[in-house]
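This is target08.pdb (PDB, C-alpha atoms and all ligand atoms).
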ATOM      1  CA  MET A 821       1.619  27.039  22.681  1.00  0.00           C
ATOM      2  CA  THR A 822       4.490  29.194  21.263  1.00  0.00           C
ATOM      3  CA  GLU A 823       2.016  31.956  20.461  1.00  0.00           C
ATOM      4  CA  TYR A 824       0.659  31.905  24.025  1.00  0.00           C
ATOM      5  CA  TRP A 825       4.112  32.180  25.622  1.00  0.00           C
ATOM      6  CA  SER A 826       5.448  34.710  23.097  1.00  0.00           C
ATOM      7  CA  LYS A 827       2.467  36.995  23.706  1.00  0.00           C
ATOM      8  CA  ARG A 828       2.963  36.782  27.470  1.00  0.00           C
ATOM      9  CA  PHE A 829       6.735  37.419  27.351  1.00  0.00           C
ATOM     10  CA  ALA A 830       6.257  40.317  24.908  1.00  0.00           C
ATOM     11  CA  GLN A 831       3.563  41.924  27.089  1.00  0.00           C
ATOM     12  CA  GLU A 832       4.776  41.055  30.600  1.00  0.00           C
ATOM     13  CA  GLY A 833       8.559  40.773  30.175  1.00  0.00           C
ATOM     14  CA  MET A 834      10.130  38.868  33.076  1.00  0.00           C
ATOM     15  CA  ILE A 835       6.807  37.351  34.105  1.00  0.00           C
ATOM     16  CA  TRP A 836       8.051  35.646  37.264  1.00  0.00           C
ATOM     17  CA  GLY A 837      10.630  38.278  38.249  1.00  0.00           C
ATOM     18  CA  SER A 838      14.366  37.789  38.447  1.00  0.00           C
ATOM     19  CA  GLU A 839      14.632  35.572  41.552  1.00  0.00           C
ATOM     20  CA  PRO A 840      15.289  31.915  40.664  1.00  0.00           C
ATOM     21  CA  SER A 841      13.225  29.022  41.943  1.00  0.00           C
ATOM     22  CA  PRO A 842      14.625  27.430  45.139  1.00  0.00           C
ATOM     23  CA  SER A 843      14.572  24.207  43.097  1.00  0.00           C
ATOM     24  CA  ALA A 844      17.407  25.582  40.917  1.00  0.00           C
ATOM     25  CA  GLU A 845      19.643  26.139  43.963  1.00  0.00           C
ATOM     26  CA  TRP A 846      18.795  22.658  45.230  1.00  0.00           C
ATOM     27  CA  ALA A 847      19.518  21.027  41.860  1.00  0.00           C
ATOM     28  CA  LYS A 848      22.763  22.994  41.558  1.00  0.00           C
ATOM     29  CA  ARG A 849      24.015  21.561  44.881  1.00  0.00           C
ATOM     30  CA  LYS A 850      23.175  18.023  43.691  1.00  0.00           C
ATOM     31  CA  PHE A 851      24.923  18.697  40.371  1.00  0.00           C
ATOM     32  CA  GLN A 852      28.018  20.052  42.146  1.00  0.00           C
ATOM     33  CA  GLU A 853      28.181  17.006  44.444  1.00  0.00           C
ATOM     34  CA  ALA A 854      28.081  14.807  41.315  1.00  0.00           C
ATOM     35  CA  GLY A 855      30.911  16.743  39.626  1.00  0.00           C
ATOM     36  CA  VAL A 856      28.723  18.099  36.816  1.00  0.00           C
ATOM     37  CA  SER A 857      30.279  20.643  34.461  1.00  0.00           C
ATOM     38  CA  SER A 858      27.619  21.095  31.758  1.00  0.00           C
ATOM     39  CA  VAL A 859      23.825  21.562  32.064  1.00  0.00           C
ATOM     40  CA  LEU A 860      20.960  21.644  29.567  1.00  0.00           C
ATOM     41  CA  VAL A 861      17.811  23.624  30.418  1.00  0.00           C
ATOM     42  CA  PRO A 862      14.884  22.714  28.102  1.00  0.00           C
ATOM     43  CA  GLY A 863      12.157  25.402  27.947  1.00  0.00           C
ATOM     44  CA  ALA A 864      14.537  27.940  29.506  1.00  0.00           C
ATOM     45  CA  GLY A 865      12.182  30.945  29.275  1.00  0.00           C
ATOM     46  CA  TYR A 866      13.993  34.268  29.881  1.00  0.00           C
ATOM     47  CA  GLY A 867      16.797  32.662  31.881  1.00  0.00           C
ATOM     48  CA  ARG A 868      15.458  33.160  35.404  1.00  0.00           C
ATOM     49  CA  ASN A 869      16.842  29.756  36.416  1.00  0.00           C
ATOM     50  CA  THR A 870      19.668  29.280  33.881  1.00  0.00           C
ATOM     51  CA  LYS A 871      21.542  32.131  35.611  1.00  0.00           C
ATOM     52  CA  VAL A 872      21.905  30.001  38.764  1.00  0.00           C
ATOM     53  CA  PHE A 873      23.788  27.392  36.751  1.00  0.00           C
ATOM     54  CA  SER A 874      25.725  29.600  34.323  1.00  0.00           C
ATOM     55  CA  ALA A 875      27.728  31.107  37.199  1.00  0.00           C
ATOM     56  CA  ASP A 876      29.431  27.692  37.662  1.00  0.00           C
ATOM     57  CA  PHE A 877      28.686  25.411  34.696  1.00  0.00           C
ATOM     58  CA  LYS A 878      28.614  25.494  30.898  1.00  0.00           C
ATOM     59  CA  VAL A 879      24.871  25.939  30.283  1.00  0.00           C
ATOM     60  CA  TYR A 880      22.677  25.472  27.190  1.00  0.00           C
ATOM     61  CA  GLY A 881      19.075  26.702  27.216  1.00  0.00           C
ATOM     62  CA  ILE A 882      16.521  25.561  24.628  1.00  0.00           C
ATOM     63  CA  GLU A 883      13.579  27.890  24.090  1.00  0.00           C
ATOM     64  CA  LEU A 884      10.907  28.327  21.399  1.00  0.00           C
ATOM     65  CA  SER A 885       9.682  31.843  22.143  1.00  0.00           C
ATOM     66  CA  GLU A 886      11.566  34.695  20.421  1.00  0.00           C
ATOM     67  CA  PRO A 887      10.617  37.384  22.994  1.00  0.00           C
ATOM     68  CA  ALA A 888      11.815  35.050  25.778  1.00  0.00           C
ATOM     69  CA  LEU A 889      15.104  34.477  23.934  1.00  0.00           C
ATOM     70  CA  GLU A 890      15.651  38.233  23.611  1.00  0.00           C
ATOM     71  CA  LEU A 891      15.076  38.756  27.349  1.00  0.00           C
ATOM     72  CA  ALA A 892      17.298  35.757  28.141  1.00  0.00           C
ATOM     73  CA  ALA A 893      20.232  37.007  26.079  1.00  0.00           C
ATOM     74  CA  ALA A 894      20.212  40.237  28.126  1.00  0.00           C
ATOM     75  CA  TRP A 895      19.533  38.651  31.548  1.00  0.00           C
ATOM     76  CA  ASP A 896      21.896  35.678  31.328  1.00  0.00           C
ATOM     77  CA  PRO A 897      24.655  36.226  28.748  1.00  0.00           C
ATOM     78  CA  GLY A 898      26.586  33.334  30.346  1.00  0.00           C
ATOM     79  CA  THR A 899      24.171  30.734  28.940  1.00  0.00           C
ATOM     80  CA  SER A 900      24.173  29.610  25.296  1.00  0.00           C
ATOM     81  CA  PHE A 901      20.515  29.871  24.259  1.00  0.00           C
ATOM     82  CA  ILE A 902      19.293  27.786  21.330  1.00  0.00           C
ATOM     83  CA  ALA A 903      16.112  28.714  19.429  1.00  0.00           C
ATOM     84  CA  GLY A 904      14.188  25.495  18.894  1.00  0.00           C
ATOM     85  CA  SER A 905      11.931  22.860  20.358  1.00  0.00           C
ATOM     86  CA  ALA A 906      12.873  20.953  23.489  1.00  0.00           C
ATOM     87  CA  LEU A 907      10.860  18.037  22.118  1.00  0.00           C
ATOM     88  CA  GLU A 908      13.756  17.235  19.783  1.00  0.00           C
ATOM     89  CA  PRO A 909      17.478  16.951  20.553  1.00  0.00           C
ATOM     90  CA  GLN A 910      19.214  20.260  19.730  1.00  0.00           C
ATOM     91  CA  LEU A 911      22.754  19.574  20.958  1.00  0.00           C
ATOM     92  CA  ARG A 912      25.439  17.650  19.071  1.00  0.00           C
ATOM     93  CA  GLN A 913      27.425  16.976  22.253  1.00  0.00           C
ATOM     94  CA  SER A 914      26.006  15.450  25.422  1.00  0.00           C
ATOM     95  CA  VAL A 915      25.778  17.248  28.776  1.00  0.00           C
ATOM     96  CA  ASP A 916      26.287  16.048  32.360  1.00  0.00           C
ATOM     97  CA  ALA A 917      22.850  17.132  33.633  1.00  0.00           C
ATOM     98  CA  VAL A 918      19.418  18.437  32.656  1.00  0.00           C
ATOM     99  CA  TYR A 919      17.345  20.900  34.729  1.00  0.00           C
ATOM    100  CA  CYS A 920      13.796  21.354  33.482  1.00  0.00           C
ATOM    101  CA  TYR A 921      11.449  23.639  35.416  1.00  0.00           C
ATOM    102  CA  ASP A 922       7.685  23.537  34.875  1.00  0.00           C
ATOM    103  CA  VAL A 923       7.743  22.498  31.229  1.00  0.00           C
ATOM    104  CA  LEU A 924       6.789  18.808  31.397  1.00  0.00           C
ATOM    105  CA  HIS A 925       3.238  19.472  32.609  1.00  0.00           C
ATOM    106  CA  LEU A 926       2.520  21.724  29.602  1.00  0.00           C
ATOM    107  CA  PHE A 927       2.182  18.772  27.202  1.00  0.00           C
ATOM    108  CA  LEU A 928      -0.197  15.947  26.402  1.00  0.00           C
ATOM    109  CA  ALA A 929       1.064  12.402  26.968  1.00  0.00           C
ATOM    110  CA  GLY A 930       2.817  11.920  23.586  1.00  0.00           C
ATOM    111  CA  ASP A 931       4.811  15.141  23.875  1.00  0.00           C
ATOM    112  CA  ARG A 932       5.673  14.528  27.546  1.00  0.00           C
ATOM    113  CA  ARG A 933       7.354  11.315  26.384  1.00  0.00           C
ATOM    114  CA  ARG A 934       9.143  13.225  23.604  1.00  0.00           C
ATOM    115  CA  LEU A 935      10.485  15.822  26.059  1.00  0.00           C
ATOM    116  CA  ILE A 936      11.874  13.147  28.361  1.00  0.00           C
ATOM    117  CA  GLU A 937      13.286  11.114  25.455  1.00  0.00           C
ATOM    118  CA  ALA A 938      14.955  14.197  23.925  1.00  0.00           C
ATOM    119  CA  SER A 939      16.425  15.112  27.334  1.00  0.00           C
ATOM    120  CA  LEU A 940      17.733  11.574  27.817  1.00  0.00           C
ATOM    121  CA  ARG A 941      19.346  11.615  24.370  1.00  0.00           C
ATOM    122  CA  GLN A 942      21.253  14.791  25.240  1.00  0.00           C
ATOM    123  CA  VAL A 943      22.579  13.712  28.643  1.00  0.00           C
ATOM    124  CA  ARG A 944      25.495  11.300  29.034  1.00  0.00           C
ATOM    125  CA  THR A 945      25.128   7.857  30.592  1.00  0.00           C
ATOM    126  CA  GLY A 946      25.459   8.364  34.350  1.00  0.00           C
ATOM    127  CA  GLY A 947      24.254  11.976  33.974  1.00  0.00           C
ATOM    128  CA  LEU A 948      21.490  13.554  36.085  1.00  0.00           C
ATOM    129  CA  LEU A 949      17.987  14.787  35.264  1.00  0.00           C
ATOM    130  CA  TYR A 950      16.056  17.124  37.569  1.00  0.00           C
ATOM    131  CA  PHE A 951      12.482  18.041  36.589  1.00  0.00           C
ATOM    132  CA  THR A 952       9.718  19.995  38.325  1.00  0.00           C
ATOM    133  CA  SER A 953       6.042  19.889  37.342  1.00  0.00           C
ATOM    134  CA  PHE A 954       2.554  20.556  38.701  1.00  0.00           C
ATOM    135  CA  SER A 955       1.431  18.245  41.497  1.00  0.00           C
ATOM    136  CA  ASP A 956      -1.931  16.524  41.710  1.00  0.00           C
ATOM    137  CA  GLU A 957      -2.114  18.183  45.167  1.00  0.00           C
ATOM    138  CA  ASP A 958      -2.265  21.641  43.557  1.00  0.00           C
ATOM    139  CA  PRO A 959      -5.750  23.200  43.889  1.00  0.00           C
ATOM    140  CA  HIS A 960      -6.028  23.564  40.082  1.00  0.00           C
ATOM    141  CA  ASN A 961      -6.011  19.798  39.663  1.00  0.00           C
ATOM    142  CA  GLY A 962      -9.440  18.605  38.563  1.00  0.00           C
ATOM    143  CA  CYS A 963     -10.582  22.081  37.420  1.00  0.00           C
ATOM    144  CA  GLY A 964     -12.109  22.424  33.933  1.00  0.00           C
ATOM    145  CA  ARG A 965     -12.404  19.892  31.120  1.00  0.00           C
ATOM    146  CA  GLU A 966     -10.293  16.733  31.424  1.00  0.00           C
ATOM    147  CA  LEU A 967      -8.460  16.332  28.074  1.00  0.00           C
ATOM    148  CA  GLU A 968      -6.587  13.153  29.035  1.00  0.00           C
ATOM    149  CA  PRO A 969      -6.301  11.330  32.340  1.00  0.00           C
ATOM    150  CA  GLY A 970      -4.780  13.848  34.778  1.00  0.00           C
ATOM    151  CA  THR A 971      -4.661  16.687  32.198  1.00  0.00           C
ATOM    152  CA  PHE A 972      -7.137  19.538  32.704  1.00  0.00           C
ATOM    153  CA  GLU A 973      -8.029  22.729  30.824  1.00  0.00           C
ATOM    154  CA  TYR A 974      -7.816  24.581  34.147  1.00  0.00           C
ATOM    155  CA  LYS A 975      -7.913  28.055  32.542  1.00  0.00           C
ATOM    156  CA  GLU A 976      -9.418  29.203  29.247  1.00  0.00           C
ATOM    157  CA  ASP A 977      -7.219  27.812  26.431  1.00  0.00           C
ATOM    158  CA  LYS A 978      -4.598  26.634  28.959  1.00  0.00           C
ATOM    159  CA  TYR A 979      -4.127  23.071  30.084  1.00  0.00           C
ATOM    160  CA  ALA A 980      -1.683  21.199  32.265  1.00  0.00           C
ATOM    161  CA  HIS A 981      -0.974  17.709  33.469  1.00  0.00           C
ATOM    162  CA  PHE A 982      -1.060  17.210  37.239  1.00  0.00           C
ATOM    163  CA  PHE A 983       1.340  14.532  38.485  1.00  0.00           C
ATOM    164  CA  SER A 984       0.938  12.086  41.315  1.00  0.00           C
ATOM    165  CA  ASP A 985       4.212  10.707  42.644  1.00  0.00           C
ATOM    166  CA  ALA A 986       3.503   7.346  40.952  1.00  0.00           C
ATOM    167  CA  ASP A 987       2.731   9.039  37.605  1.00  0.00           C
ATOM    168  CA  LEU A 988       5.957  11.066  37.734  1.00  0.00           C
ATOM    169  CA  ARG A 989       7.958   7.939  38.534  1.00  0.00           C
ATOM    170  CA  GLU A 990       6.259   6.088  35.669  1.00  0.00           C
ATOM    171  CA  HIS A 991       7.291   8.837  33.200  1.00  0.00           C
ATOM    172  CA  PHE A 992      10.940   8.285  34.211  1.00  0.00           C
ATOM    173  CA  ALA A 993      10.682   4.494  34.336  1.00  0.00           C
ATOM    174  CA  GLY A 994      13.699   4.015  32.041  1.00  0.00           C
ATOM    175  CA  THR A 995      16.014   5.814  34.499  1.00  0.00           C
ATOM    176  CA  GLU A 996      17.351   5.180  37.983  1.00  0.00           C
ATOM    177  CA  ILE A 997      15.162   7.392  40.162  1.00  0.00           C
ATOM    178  CA  LEU A 998      17.270   8.843  42.985  1.00  0.00           C
ATOM    179  CA  GLU A 999      14.534  10.797  44.741  1.00  0.00           C
ATOM    180  CA  THR A1000      11.194  12.518  44.322  1.00  0.00           C
ATOM    181  CA  GLY A1001       9.744  15.365  46.362  1.00  0.00           C
ATOM    182  CA  SER A1002       7.210  18.142  46.553  1.00  0.00           C
ATOM    183  CA  PHE A1003       7.251  21.809  47.546  1.00  0.00           C
ATOM    184  CA  THR A1004       5.124  24.955  47.369  1.00  0.00           C
ATOM    185  CA  GLU A1005       6.489  27.498  44.895  1.00  0.00           C
ATOM    186  CA  SER A1006       5.734  31.117  45.737  1.00  0.00           C
ATOM    187  CA  LEU A1007       5.939  33.646  42.911  1.00  0.00           C
ATOM    188  CA  GLN A1008       5.731  37.417  42.901  1.00  0.00           C
ATOM    189  CA  ASN A1009       3.613  38.760  40.054  1.00  0.00           C
ATOM    190  CA  PRO A1010       4.361  42.103  38.329  1.00  0.00           C
ATOM    191  CA  GLN A1011       1.365  43.704  40.095  1.00  0.00           C
ATOM    192  CA  GLY A1012       3.072  43.078  43.460  1.00  0.00           C
ATOM    193  CA  GLY A1013       0.901  40.155  44.595  1.00  0.00           C
ATOM    194  CA  THR A1014       2.079  36.609  45.125  1.00  0.00           C
ATOM    195  CA  HIS A1015       0.673  33.301  43.993  1.00  0.00           C
ATOM    196  CA  GLU A1016       1.544  29.805  45.075  1.00  0.00           C
ATOM    197  CA  TYR A1017       1.398  26.426  43.458  1.00  0.00           C
ATOM    198  CA  ILE A1018       2.386  22.949  44.481  1.00  0.00           C
ATOM    199  CA  LEU A1019       5.116  21.242  42.469  1.00  0.00           C
ATOM    200  CA  ARG A1020       6.565  17.763  42.353  1.00  0.00           C
ATOM    201  CA  THR A1021      10.255  17.191  41.709  1.00  0.00           C
ATOM    202  CA  ILE A1022      12.275  14.239  40.498  1.00  0.00           C
ATOM    203  CA  LEU A1023      16.012  13.583  40.460  1.00  0.00           C
ATOM    204  CA  ALA A1024      17.011  10.679  38.209  1.00  0.00           C
ATOM    205  CA  LEU A1025      20.161   9.182  36.733  1.00  0.00           C
ATOM    206  CA  LYS A1026      20.513   8.055  33.122  1.00  0.00           C
ATOM    207  CA  ARG A1027      21.478   4.391  33.038  1.00  0.00           C
TER     208      ARG A1027
HETATM  209  C1  LIG A1101       6.160  27.784  32.473  1.00  0.00           C
HETATM  210  S1  LIG A1101       7.409  28.422  31.448  1.00  0.00           S
HETATM  211  C2  LIG A1101       8.862  27.957  32.365  1.00  0.00           C
HETATM  212  C3  LIG A1101      10.034  28.817  31.994  1.00  0.00           C
HETATM  213  C4  LIG A1101      11.376  28.428  32.566  1.00  0.00           C
HETATM  214  N1  LIG A1101      11.577  26.987  32.598  1.00  0.00           N
HETATM  215  C5  LIG A1101      11.693  29.040  33.892  1.00  0.00           C
HETATM  216  O1  LIG A1101      12.337  28.350  34.679  1.00  0.00           O
HETATM  217  O2  LIG A1101      11.378  30.214  34.144  1.00  0.00           O
HETATM  218  C6  LIG A1101       7.445  27.304  30.071  1.00  0.00           C
HETATM  219  C7  LIG A1101       8.474  27.680  29.029  1.00  0.00           C
HETATM  220  O3  LIG A1101       8.577  26.593  28.087  1.00  0.00           O
HETATM  221  C8  LIG A1101       8.682  27.147  26.784  1.00  0.00           C
HETATM  222  N2  LIG A1101       8.272  26.110  25.822  1.00  0.00           N
HETATM  223  C9  LIG A1101       7.044  25.601  25.606  1.00  0.00           C
HETATM  224  N3  LIG A1101       7.080  24.622  24.693  1.00  0.00           N
HETATM  225  C10 LIG A1101       8.379  24.495  24.320  1.00  0.00           C
HETATM  226  C11 LIG A1101       9.078  23.647  23.418  1.00  0.00           C
HETATM  227  N4  LIG A1101       8.459  22.706  22.699  1.00  0.00           N
HETATM  228  N5  LIG A1101      10.403  23.809  23.285  1.00  0.00           N
HETATM  229  C12 LIG A1101      11.087  24.748  24.009  1.00  0.00           C
HETATM  230  N6  LIG A1101      10.478  25.576  24.884  1.00  0.00           N
HETATM  231  C13 LIG A1101       9.146  25.444  25.044  1.00  0.00           C
HETATM  232  C14 LIG A1101       7.783  28.368  26.816  1.00  0.00           C
HETATM  233  O4  LIG A1101       8.057  29.261  25.760  1.00  0.00           O
HETATM  234  C15 LIG A1101       8.138  28.913  28.206  1.00  0.00           C
HETATM  235  O5  LIG A1101       9.282  29.733  28.157  1.00  0.00           O
END

Show me the file's structure as structure tokens.
Amino acid sequence: MTEYWSKRFAQEGMIWGSEPSPSAEWAKRKFQEAGVSSVLVPGAGYGRNTKVFSADFKVYGIELSEPALELAAAWDPGTSFIAGSALEPQLRQSVDAVYCYDVLHLFLAGDRRRLIEASLRQVRTGGLLYFTSFSDEDPHNGCGRELEPGTFEYKEDKYAHFFSDADLREHFAGTEILETGSFTESLQNPQGGTHEYILRTILALKR
């Protein structure tokens, strides 16, 4: 997986442009209402979304890919980026909130649990978690070989898990789920075209 992402970041740079996801603005409002002052972003990429938070909060980004970390340091110097795996806790101190965009669906079941467990270990009791991931309503769901229930090799050498609302809720069963939702993400590609995909979102509170 690291090799795949590192190759893409090295070749394509800021793959999804510099505009943040609308989900980051939405999560930021929820975090502000809750009085959050520190945020962890697992799988932070090149900082497209961390920058939304670093303007107002203390932000830590965890990222495995070196080329992404180099881009991130230049794009969002306000965030403290940590080179390492988001599947293990990387922070000594706990944060008030976690924002995790389109990382959870990249893993098979065991590692999805690890990502959520690691995130929970790094957020304080009463803190918030906001995750986005592919929806089972996305047209790629069901394409290619099924590796595990709901997980498809939808492109050559690339797989993802596609979440129903019930599945997403089940992954966060140990938390207090505040709300779930769904939206269509529209992304500009470097060639000037756009592509869309359907995401699910979850906002949960650590008990
Ligand atoms: C689909 S991209 C999303 C990037 C970013 N969340 C954003 O908002 O632009 C997935 C990112 O997760 C990173 N990643 C994959 N596995 C990881 C892991 N175990 N630990 C940390 N980052 C990881 C990849 O390098 C890549 O930057």

Protein and nucleic acid residues within 8 Å of ligand LIG 1101 (chain A) (only C-alpha atoms and all ligand atoms) as a VMD selection string: chain A and resid 821 to 822 825 to 826 836 840 to 841 861 to 870 882 to 885 888 903 to 907 920 to 923 926 935

For A:Ser858, please output as a VMD selection string all residues within 9 Å (counting all atoms listed in the file; exclusion window: fewer than 6 positions along the same chain). chain A and resid 873 877 to 880 914 to 918

Go through the shown structure with the PyMOL selection byres (((chain A and resi 956) around 9) and not hetatm) and write out the matching residues as a ChimeraX atom specification. /A:954-955,957-962,970,981-985,1018-1020

Once 3 Å is added on each side, what are the centre and the three edge lengths, in Å to one decimal, of the axis-aligned box enclosing the listed atoms of stretch 847-853 of chain A? Present them as AutoDock Vina command-line options.
--center_x 23.8 --center_y 20.0 --center_z 42.6 --size_x 14.7 --size_y 12.0 --size_z 10.5

Stretch 964-966 of chain A environment, 12 Å, all atoms listed in the file, sequence neighbours closer than 5 positions dropped, as a list in words: Leu928, Pro959, Thr971, Phe972, Glu973, Tyr974, Lys975, Glu976, Asp977, Lys978, Tyr979, Ala980, His981 and Phe982 of chain A

Decode the PyMOL selection byres (((chain A and resi 996-998) around 6) and not hetatm) for the given file into explicit residues and return them as a PyMOL selection string. chain A and resi 995+999+1023-1025

What does the distance from atom CA of A:Arg944 to atom CA of A:Arg1027 come to in Å, to one decimal? 8.9 Å

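The shortest atom-to-atom distance to A:Lys850, with only C-alpha atoms taken into account, belongs to A:Tyr950 out of A:Tyr1017, A:Tyr950, A:Phe992, A:Phe1003.
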
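The interatomic distance for the pair atom CA of A:Gly994 and atom CA of A:Gly855 works out to 22.7 Å.
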